[in-house]
Each structure stands twice: as C-alpha cells, then as structure tokens.
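I have placed the structure first, in the form of structure tokens, so that the comments after it can refer back to it.
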Amino acid sequence: MLAGPNPTDRGKLGSKIHLITDRNGLPLSLGISGANMHDSQGLEPLVRGIPPIRSRRGPRRRRPAKLHADKGYDYDHLRRWLRGRGIRHRIARKGIESSTRLGRHRWVVERTVSWLAGSRRLHRRYERKPEHFLAFVGIAAALICYRRLAR
C-alpha cells in the first residue's frame, strides 16, 4: 500500500521526484524525497544542483535567470533566498492567484514528469536504497535528454 491507511492520511509512504527543467523540458537538476516531505523543502538543494550553463559568449552562468514555481513554493524565506542568489522568481501566491496563469510555463515540467513516469522502473519503486532509486531517475533523465537532443 503506497498511500497510508486512508487517502487523507498525510503520513504517506513512497517517494517523490523533484526536478528543475529548462524551458524545453530538459532536466537540469533532480532529487528525490519521501512522499510526506513538503515540496518547499526540496527547492534549495535543486537550485544548488544546477550545473553551470554554457553560453556562446562570456563566462558560464552559475544560476538560472528566472524560476517559475507553483503554489507549493509560496514562502517568504524561499523568495528571499532566490532573490539573494540573483534569481528572479515567479511563484503563484496562495489564496490570491490561480495556478492557471503559470500553466504556460508549468506544463513543460509536467510533460517531463510524465516522460519520467513512462520508465517502468520509476513507475513503482523497487529499490530499497534511495541512492539506487536516484541513480535510475538520473538514467531516465539522461535518456530523455538523449532523445530530445538526437532529433
């Protein structure tokens, strides 16, 4: 059973895949956590895990210029942290804005998550160790990048 004793139980079993993509849907940074961990706790490690971005001119960029996120990341400390790193953010506010305005940016991430879910090994977690599961997520992300760039 993956959802706990009842569907409304917050102590869910299982794991969650977190990712940051570029605007084309290529995964830049990956992470996993327990299903009962809040999304906002995974943002800082993901942003720190983005590799330097190669550009045609000038030095490599160490961080993205802009970050779009849904209401799960609507916290002042995350906004301050992103601002301190020089990253412009567009995070939907809880109770004020609807998530539909972010839809044109958010669907790219949702599409990449569905590509990851297409990997049978990730659809259900067979591995006991989180390092092994994260390795399979990385392999699936590498396959997504290869398929997108090989076109």
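Letters for chains follow the order of the structure tokens (A, B, ...), residue numbers begin at 1 for each chain, and ligand numbers begin at 1 in the order shown.
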
**Q.** Polymer residues at most 12 Å from Arg124 in chain A, only C-alpha atoms, same-chain spacing of 2 or more positions, as a VMD selection string
**A.** chain A and resid 1 to 2 14 to 17 116 to 122 126 to 128 133 136 to 137

Q: Just the residues within 9 Å of Ile91 in chain A, please, counting only C-alpha atoms, with nothing from its chain fewer than 6 positions along; format it as JSON, numbers by chain.
A: {"A": [67, 68, 69, 70, 71, 72, 73, 74, 79, 102]}

May I have the selected residues written with all heavy atoms, as an mmCIF file, in the first residue's frame?
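Saved to again13.cif:
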data_model
loop_
_atom_site.group_PDB
_atom_site.id
_atom_site.type_symbol
_atom_site.label_atom_id
_atom_site.label_comp_id
_atom_site.auth_asym_id
_atom_site.auth_seq_id
_atom_site.Cartn_x
_atom_site.Cartn_y
_atom_site.Cartn_z
ATOM 1 N N LEU A 67 12.947 31.706 -12.382
ATOM 2 C CA LEU A 67 12.412 30.432 -11.906
ATOM 3 C C LEU A 67 10.899 30.556 -11.761
ATOM 4 O O LEU A 67 10.420 31.483 -11.113
ATOM 5 C CB LEU A 67 13.034 30.063 -10.553
ATOM 6 C CG LEU A 67 12.574 28.741 -9.983
ATOM 7 C CD1 LEU A 67 13.595 27.675 -10.319
ATOM 8 C CD2 LEU A 67 12.413 28.841 -8.495
ATOM 9 N N HIS A 68 10.164 29.659 -12.398
ATOM 10 C CA HIS A 68 8.713 29.602 -12.261
ATOM 11 C C HIS A 68 8.380 28.446 -11.339
ATOM 12 O O HIS A 68 8.942 27.357 -11.481
ATOM 13 C CB HIS A 68 8.032 29.367 -13.616
ATOM 14 C CG HIS A 68 8.173 30.514 -14.542
ATOM 15 N ND1 HIS A 68 7.273 31.549 -14.569
ATOM 16 C CD2 HIS A 68 9.109 30.802 -15.469
ATOM 17 C CE1 HIS A 68 7.649 32.420 -15.488
ATOM 18 N NE2 HIS A 68 8.765 31.990 -16.037
ATOM 19 N N ALA A 69 7.470 28.665 -10.397
ATOM 20 C CA ALA A 69 7.081 27.613 -9.461
ATOM 21 C C ALA A 69 5.609 27.736 -9.120
ATOM 22 O O ALA A 69 5.009 28.808 -9.248
ATOM 23 C CB ALA A 69 7.924 27.699 -8.192
ATOM 24 N N ASP A 70 5.034 26.633 -8.646
ATOM 25 C CA ASP A 70 3.617 26.656 -8.289
ATOM 26 C C ASP A 70 3.433 27.062 -6.831
ATOM 27 O O ASP A 70 4.379 27.452 -6.160
ATOM 28 C CB ASP A 70 2.961 25.314 -8.604
ATOM 29 C CG ASP A 70 3.602 24.154 -7.871
ATOM 30 O OD1 ASP A 70 4.486 24.392 -7.031
ATOM 31 O OD2 ASP A 70 3.211 23.014 -8.130
ATOM 32 N N LYS A 71 2.207 26.946 -6.343
ATOM 33 C CA LYS A 71 1.871 27.446 -5.014
ATOM 34 C C LYS A 71 2.545 26.680 -3.885
ATOM 35 O O LYS A 71 2.612 27.177 -2.775
ATOM 36 C CB LYS A 71 0.359 27.375 -4.809
ATOM 37 C CG LYS A 71 -0.399 28.342 -5.658
ATOM 38 C CD LYS A 71 -1.873 28.219 -5.391
ATOM 39 C CE LYS A 71 -2.651 29.099 -6.338
ATOM 40 N NZ LYS A 71 -4.069 29.063 -6.060
ATOM 41 N N GLY A 72 3.051 25.499 -4.158
ATOM 42 C CA GLY A 72 3.740 24.728 -3.126
ATOM 43 C C GLY A 72 5.020 25.387 -2.650
ATOM 44 O O GLY A 72 5.552 25.042 -1.594
ATOM 45 N N TYR A 73 5.533 26.339 -3.410
ATOM 46 C CA TYR A 73 6.785 27.020 -3.073
ATOM 47 C C TYR A 73 6.552 28.461 -2.623
ATOM 48 O O TYR A 73 7.479 29.248 -2.585
ATOM 49 C CB TYR A 73 7.718 26.999 -4.281
ATOM 50 C CG TYR A 73 8.037 25.597 -4.727
ATOM 51 C CD1 TYR A 73 7.333 24.994 -5.762
ATOM 52 C CD2 TYR A 73 9.030 24.864 -4.108
ATOM 53 C CE1 TYR A 73 7.606 23.703 -6.171
ATOM 54 C CE2 TYR A 73 9.319 23.579 -4.509
ATOM 55 C CZ TYR A 73 8.600 23.005 -5.529
ATOM 56 O OH TYR A 73 8.874 21.731 -5.911
ATOM 57 N N ASP A 74 5.327 28.810 -2.286
ATOM 58 C CA ASP A 74 4.981 30.179 -1.900
ATOM 59 C C ASP A 74 5.319 30.426 -0.434
ATOM 60 O O ASP A 74 4.445 30.358 0.435
ATOM 61 C CB ASP A 74 3.496 30.441 -2.161
ATOM 62 C CG ASP A 74 3.101 31.865 -1.823
ATOM 63 O OD1 ASP A 74 3.969 32.742 -1.884
ATOM 64 O OD2 ASP A 74 1.921 32.093 -1.501
ATOM 65 N N ARG A 79 11.460 32.968 -1.286
ATOM 66 C CA ARG A 79 11.555 34.151 -2.141
ATOM 67 C C ARG A 79 12.804 34.963 -1.808
ATOM 68 O O ARG A 79 13.515 35.426 -2.698
ATOM 69 C CB ARG A 79 10.314 35.021 -1.993
ATOM 70 C CG ARG A 79 9.068 34.396 -2.550
ATOM 71 C CD ARG A 79 7.859 35.270 -2.235
ATOM 72 N NE ARG A 79 6.636 34.616 -2.597
ATOM 73 C CZ ARG A 79 6.071 34.649 -3.797
ATOM 74 N NH1 ARG A 79 6.639 35.338 -4.757
ATOM 75 N NH2 ARG A 79 4.954 34.010 -4.040
ATOM 76 N N LEU A 102 0.276 30.293 -14.454
ATOM 77 C CA LEU A 102 1.577 29.667 -14.649
ATOM 78 C C LEU A 102 1.506 28.483 -15.604
ATOM 79 O O LEU A 102 2.515 27.874 -15.900
ATOM 80 C CB LEU A 102 2.121 29.175 -13.304
ATOM 81 C CG LEU A 102 2.704 30.235 -12.387
ATOM 82 C CD1 LEU A 102 3.057 29.615 -11.053
ATOM 83 C CD2 LEU A 102 3.921 30.869 -13.005
#

Q | Shell around Val47 in chain A at 10 Å using only C-alpha atoms, local window under 5 positions removed, as a list of chain:residue names | A |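 In the requested form, the answer reads A:Leu19, A:Ile20, A:Leu28, A:Ser29, A:Leu30, A:Gly42, A:Arg63, A:Pro64, A:Leu67, A:Leu82, A:Arg85, A:Ile87.
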
Could the residues in this selection be written to a file with C-alpha atoms, as a CSV table (one decimal), in the first residue's frame?
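Writing done, so here's result.csv:
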chain,number,residue,atom,x,y,z
A,19,LEU,CA,13.1,18.3,-10.8
A,20,ILE,CA,14.0,21.6,-12.4
A,28,LEU,CA,18.7,20.3,-15.2
A,29,SER,CA,18.6,19.1,-11.6
A,30,LEU,CA,17.0,16.0,-10.0
A,42,GLY,CA,13.4,20.4,-1.9
A,63,ARG,CA,22.4,30.0,-12.0
A,64,PRO,CA,19.2,30.5,-14.0
A,67,LEU,CA,12.4,30.4,-11.9
A,82,LEU,CA,16.1,33.2,-4.5
A,85,ARG,CA,21.1,34.4,-5.3
A,87,ILE,CA,17.3,34.7,-9.4

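Of note, CA of Val108 in chain A and CA of Arg60 in chain A are spaced 24.2 Å apart.
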
Q | Shell around Ala65 in chain A at 9 Å using only C-alpha atoms, local window under 3 positions removed, as a PyMOL selection string | A | chain A and resi 61+86-89

Convert the current residue selection to file output with N, CA and C atoms, as a PDB file, in the first residue's frame.
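The new file selection16.pdb reads:
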ATOM      1  N   ARG A  61      27.224  30.627 -16.976  1.00  0.00           N
ATOM      2  CA  ARG A  61      26.246  31.091 -15.995  1.00  0.00           C
ATOM      3  C   ARG A  61      26.162  30.063 -14.884  1.00  0.00           C
ATOM      4  N   GLY A  86      20.163  36.159  -6.770  1.00  0.00           N
ATOM      5  CA  GLY A  86      20.041  36.878  -8.037  1.00  0.00           C
ATOM      6  C   GLY A  86      19.138  36.184  -9.037  1.00  0.00           C
ATOM      7  N   ILE A  87      18.209  35.361  -8.562  1.00  0.00           N
ATOM      8  CA  ILE A  87      17.289  34.653  -9.441  1.00  0.00           C
ATOM      9  C   ILE A  87      15.924  35.320  -9.340  1.00  0.00           C
ATOM     10  N   ARG A  88      15.409  35.783 -10.476  1.00  0.00           N
ATOM     11  CA  ARG A  88      14.057  36.335 -10.475  1.00  0.00           C
ATOM     12  C   ARG A  88      13.081  35.180 -10.368  1.00  0.00           C
ATOM     13  N   HIS A  89      12.063  35.344  -9.553  1.00  0.00           N
ATOM     14  CA  HIS A  89      11.120  34.253  -9.350  1.00  0.00           C
ATOM     15  C   HIS A  89       9.724  34.679  -9.751  1.00  0.00           C
TER      16      HIS A  89
END

Q.
Considering only strand (DSSP E or B) as DSSP defines it on the backbone, what residues of range 8-96 of chain A qualify? List them as a PyMOL selection string.
A. chain A and resi 15-21+27-34+53+61+66-69+88-91

Q | Nearby residues (only C-alpha atoms) at most 12 Å from His77 in chain A, same-chain spacing under 3 positions excluded, as a PyMOL selection string | A | chain A and resi 40-41+43-44+73-74+80-84

**Q.** Nearest to Thr21 in chain A by atom-to-atom distance, counting only C-alpha atoms, from A:Arg93, A:Lys66, A:His123, A:Arg54
**A.** A:Lys66

Q: Could you give me, as a ChimeraX atom specification, each residue of range 29-150 of chain A that DSSP assigns to alpha helix (DSSP H) when run on this structure's backbone?
A: /A:43-48,76-84,103-117,120-123,130-149
